Amino acid sequence: MNAITPISTTIVDLQSRHSGLRQRYCLDSTPLLQRQTQRESNARSYPRRIPLELKRAQGVYVEDSRGQVYIDCLAGAGTLALGHNHPVVVEAIQRTLASGIPLHTLDLSTSIKDAFVQTLFDLLPSEFAKDARIQFCGPTGADAVEAALKLSRTATGRHSVLAFHGAYHGMTLGTLSISGNLGPKSALGGLLSGVQFLPYPHEYRCPFGLSGEQSIDANLHYIRHLLNDPESGVTQPAAMILETVQGEGGVIPAPDRWLQGLRAITREHGIPLILDEIQCGIGRTGDLFAFERSSISPDVITLSKAIGGGLPLSVVVYRGELDQWQPGAHAGTFRGNQLAMAAGDATLRFIQREGITEHVSGVGARLQGVLQGLQAEFDWVGDVRGRGLMLGMEIVDPSRNDGAGRPVADGERARKLQRACLERGLIVELGGRHGATVRFLPPLIISEAEIDLVGQILYQAAQSVQGFALAAQQ
């Protein structure tokens, strides 16, 4: 196997390959992309906004079939914690392949699996890990969420679930039932019954029209009242599930005091608290697990994406007292992905050994400063939010008001900005209400110099969008 020649030799080299960051890239379709359009499902998503034929990758960079280089601030939707083809991940995969160990083992034990579990439990908060159990699930995070719901229903004997506006937990029928986005649900019937949606705190667009501490107080009061009101129409829940930082919902972090209040409420009512850390966990927010910042301890955690080192893997980890389901209650053929466990173990060890969470806090603050600089200059950048290297920039129309004192979200302008970034060599994603939040999920190993380069490209892209808007008004 030929070694991958590093693309990221120096920042100077990358800048030269961006033609001084002055010229826009040509994004004309290739024969491969044309065949993809003809043969792949209409449900495909990323290629519509990011029409690239990828050739090789290293670190934070990807190169397409025409030799054009891009900084990847999507990174497999947060999956590639150490970026593309990181040496510790590649070495772990190669070592596993050379060992002769079975690559597919269902849920039978191996030394690789045991090492992965031990490493993961060593990283979990000790209070949670001391009596925790782990269930390996199918390859996707959605299956871990499905398992968490089944576990909670079995342990409590109850059936309803409390979920939150703006949530994203997967694309299966069950996980769509507890997700906020109405789009994927519109053509479907037979969704999970007994789901009660609650308001998620959102400083920029508070559902109660409040701000700061008042918003948190009102939110917690509403939830307490709902659960204590015998006429609320909401049956005693089997679980409450939420993302510690909402991702697809628009990069919205849960306030620490709100999480602490939720933990108190769920304990009072005997409701298992499920935290979906599939995207925000494993160092992404500057903590190993995003919930650690609030000093709470959940009952159940769902994990996927980064824990497989870039390969498919998902697990649900939970308090031992919930372990009441029967053998075979949750199964799946691809629970024993040895390559993913080896790559995941190497990734987790590297993150711990190299102090990656501290690095994420530093470069994340630098990127947030870049976004806040754009916010200060362009009136259509309405809000900058997030934690660590899970950041979002909401694009708005400053000429229109939402009736609550905020400018309306502007998905069209956000799409223009995403396209302008891509044409200049930067891959970003959109999310949030109306697709108006530009999202940043770069590899956790991105450097300060690379953050500065992201800032240069962003500024040039924003200037082009600004110029387009001014020309349209004339």
# chains A, B, ... in the order shown; residues from 1 in each chain; ligands from 1
$ residues_around --residues "Val161 (chain A)" --least-positions-apart "6" --cutoff "7 Å" --atoms "only C-alpha atoms" --output "ChimeraX atom specification"
/A:194-196,237-240
$ closest_atom_pairs --of "region 350-464 of chain A" --to "region 270-290 of chain A" --cutoff "12 Å" --atoms "only C-alpha atoms" --output "CSV"
residue,atom,partner,partner_atom,distance
A:Phe350,CA,A:Gly283,CA,11.2
A:Ile351,CA,A:Gly283,CA,7.5
A:Gln352,CA,A:Leu288,CA,8.6
A:Glu354,CA,A:Gly283,CA,11.7
A:Gly355,CA,A:Gly283,CA,9.7
A:Ile356,CA,A:Gly283,CA,7.1
A:Thr357,CA,A:Gly286,CA,4.6
A:Glu358,CA,A:Gly286,CA,6.4
A:His359,CA,A:Gly286,CA,7.8
A:Val360,CA,A:Gly286,CA,5.2
A:Ser361,CA,A:Gly286,CA,4.8
A:Gly362,CA,A:Gly286,CA,8.5
A:Val363,CA,A:Gly286,CA,9.7
A:Gly364,CA,A:Gly286,CA,8.0
A:Ala365,CA,A:Gly286,CA,10.0
A:Arg385,CA,A:Thr285,CA,11.7
A:Gly386,CA,A:Thr285,CA,8.0
A:Arg387,CA,A:Thr285,CA,4.9
A:Gly388,CA,A:Thr285,CA,4.1
A:Leu389,CA,A:Arg284,CA,5.7
A:Met390,CA,A:Thr285,CA,6.0
A:Leu391,CA,A:Thr285,CA,8.9
A:Phe440,CA,A:Arg284,CA,11.0
A:Leu441,CA,A:Arg284,CA,8.2
A:Pro442,CA,A:Arg284,CA,9.3
A:Pro443,CA,A:Arg284,CA,8.8
A:Leu444,CA,A:Arg284,CA,6.9
A:Ile445,CA,A:Arg284,CA,10.6
A:Ile446,CA,A:Arg284,CA,11.9
$ select_by_dssp --residues "region 41-183 of chain A" --states "alpha helix (DSSP H)" --output "ChimeraX atom specification"
/A:46-49,75-78,87-99,111-123,126-129,141-156,173-177
$ residues_around --residues "Cys26 (chain A)" --least-positions-apart "6" --cutoff "12 Å" --atoms "only C-alpha atoms" --output "count of residues only"
14
$ residues_around --residues "region 308-312 of chain A" --least-positions-apart "4" --cutoff "8 Å" --atoms "only C-alpha atoms" --output "number ranges by chain"
A: 76, 79-82, 89, 139-140, 304, 337, 339-347
$ write_last_selection --atoms "C-alpha atoms" --output "PDB file, in the first residue's frame"
ATOM      1  CA  GLY A  76     -17.277  13.467   8.482  1.00  0.00           C
ATOM      2  CA  THR A  79     -16.443  11.764  13.028  1.00  0.00           C
ATOM      3  CA  LEU A  80     -12.792  12.417  12.138  1.00  0.00           C
ATOM      4  CA  ALA A  81     -11.580  13.679  15.510  1.00  0.00           C
ATOM      5  CA  LEU A  82      -7.924  13.362  14.462  1.00  0.00           C
ATOM      6  CA  VAL A  89      -5.228   5.520  13.383  1.00  0.00           C
ATOM      7  CA  PRO A 139     -22.721   0.882  13.106  1.00  0.00           C
ATOM      8  CA  THR A 140     -24.658   4.150  13.403  1.00  0.00           C
ATOM      9  CA  SER A 304     -20.678   7.081  18.067  1.00  0.00           C
ATOM     10  CA  ASN A 337     -16.100  -4.194  14.109  1.00  0.00           C
ATOM     11  CA  LEU A 339     -10.955  -2.337  12.915  1.00  0.00           C
ATOM     12  CA  ALA A 340     -13.192   0.369  14.372  1.00  0.00           C
ATOM     13  CA  MET A 341     -12.436  -0.705  17.938  1.00  0.00           C
ATOM     14  CA  ALA A 342      -8.697  -0.633  17.263  1.00  0.00           C
ATOM     15  CA  ALA A 343      -8.910   2.738  15.534  1.00  0.00           C
ATOM     16  CA  GLY A 344     -11.188   4.057  18.274  1.00  0.00           C
ATOM     17  CA  ASP A 345      -8.886   2.857  21.044  1.00  0.00           C
ATOM     18  CA  ALA A 346      -5.922   4.555  19.359  1.00  0.00           C
ATOM     19  CA  THR A 347      -7.927   7.764  18.932  1.00  0.00           C
TER      20      THR A 347
END
$ atom_distance --atom1 "CA of Arg263 (chain A)" --atom2 "CA of Ala306 (chain A)"
25.7 Å
$ select_by_dssp --residues "region 62-143 of chain A" --states "strand (DSSP E or B)" --output "PyMOL selection string"
chain A and resi 62-64+69-72+84+104+132-136
$ closest_residue --among "A:Gln236, A:Tyr168, A:Pro207, A:Leu453" --to "Arg153 (chain A)" --atoms "only C-alpha atoms"
A:Gln236
$ decode --residues "region 352-379 of chain A" --atoms "N, CA and C atoms" --output "compact mmCIF listing (two decimals), in the first residue's frame"
# COMPACT_ATOMS: atom_id res chain seq x y z
N GLN A 352 -6.29 11.57 24.99
CA GLN A 352 -5.92 11.69 26.40
C GLN A 352 -4.44 12.01 26.57
N ARG A 353 -3.59 11.31 25.85
CA ARG A 353 -2.14 11.45 26.02
C ARG A 353 -1.63 12.82 25.59
N GLU A 354 -2.19 13.35 24.51
CA GLU A 354 -1.67 14.58 23.93
C GLU A 354 -2.39 15.84 24.43
N GLY A 355 -3.28 15.71 25.38
CA GLY A 355 -3.97 16.88 25.91
C GLY A 355 -4.81 17.60 24.86
N ILE A 356 -5.50 16.84 24.05
CA ILE A 356 -6.25 17.41 22.94
C ILE A 356 -7.39 18.32 23.42
N THR A 357 -7.98 18.03 24.57
CA THR A 357 -9.09 18.87 25.04
C THR A 357 -8.61 20.29 25.31
N GLU A 358 -7.41 20.43 25.87
CA GLU A 358 -6.87 21.77 26.11
C GLU A 358 -6.59 22.48 24.79
N HIS A 359 -6.06 21.72 23.84
CA HIS A 359 -5.81 22.29 22.51
C HIS A 359 -7.11 22.76 21.87
N VAL A 360 -8.16 21.94 21.98
CA VAL A 360 -9.45 22.30 21.41
C VAL A 360 -9.99 23.59 22.02
N SER A 361 -9.84 23.74 23.32
CA SER A 361 -10.31 24.97 23.97
C SER A 361 -9.58 26.19 23.41
N GLY A 362 -8.27 26.06 23.18
CA GLY A 362 -7.49 27.19 22.67
C GLY A 362 -7.82 27.54 21.23
N VAL A 363 -7.78 26.55 20.34
CA VAL A 363 -8.04 26.86 18.93
C VAL A 363 -9.52 27.15 18.71
N GLY A 364 -10.39 26.56 19.56
CA GLY A 364 -11.82 26.87 19.45
C GLY A 364 -12.09 28.32 19.77
N ALA A 365 -11.43 28.85 20.81
CA ALA A 365 -11.58 30.26 21.14
C ALA A 365 -11.07 31.14 20.01
N ARG A 366 -10.01 30.68 19.35
CA ARG A 366 -9.45 31.46 18.23
C ARG A 366 -10.44 31.50 17.07
N LEU A 367 -11.06 30.33 16.75
CA LEU A 367 -12.04 30.29 15.68
C LEU A 367 -13.28 31.11 16.04
N GLN A 368 -13.70 31.04 17.30
CA GLN A 368 -14.84 31.83 17.72
C GLN A 368 -14.55 33.32 17.57
N GLY A 369 -13.31 33.73 17.85
CA GLY A 369 -12.92 35.12 17.65
C GLY A 369 -13.01 35.52 16.18
N VAL A 370 -12.61 34.61 15.29
CA VAL A 370 -12.73 34.87 13.84
C VAL A 370 -14.20 35.12 13.47
N LEU A 371 -15.08 34.25 13.96
CA LEU A 371 -16.50 34.37 13.63
C LEU A 371 -17.10 35.64 14.24
N GLN A 372 -16.66 35.99 15.43
CA GLN A 372 -17.16 37.22 16.05
C GLN A 372 -16.66 38.45 15.30
N GLY A 373 -15.47 38.35 14.70
CA GLY A 373 -14.98 39.44 13.86
C GLY A 373 -15.88 39.64 12.64
N LEU A 374 -16.32 38.54 12.02
CA LEU A 374 -17.26 38.64 10.91
C LEU A 374 -18.59 39.22 11.38
N GLN A 375 -19.02 38.81 12.56
CA GLN A 375 -20.28 39.32 13.11
C GLN A 375 -20.23 40.83 13.28
N ALA A 376 -19.07 41.34 13.69
CA ALA A 376 -18.93 42.78 13.91
C ALA A 376 -18.94 43.56 12.60
N GLU A 377 -18.52 42.92 11.51
CA GLU A 377 -18.41 43.63 10.23
C GLU A 377 -19.63 43.46 9.32
N PHE A 378 -20.27 42.30 9.38
CA PHE A 378 -21.39 42.03 8.48
C PHE A 378 -22.68 41.93 9.29
N ASP A 379 -23.63 42.81 9.00
CA ASP A 379 -24.84 42.84 9.82
C ASP A 379 -25.74 41.63 9.60
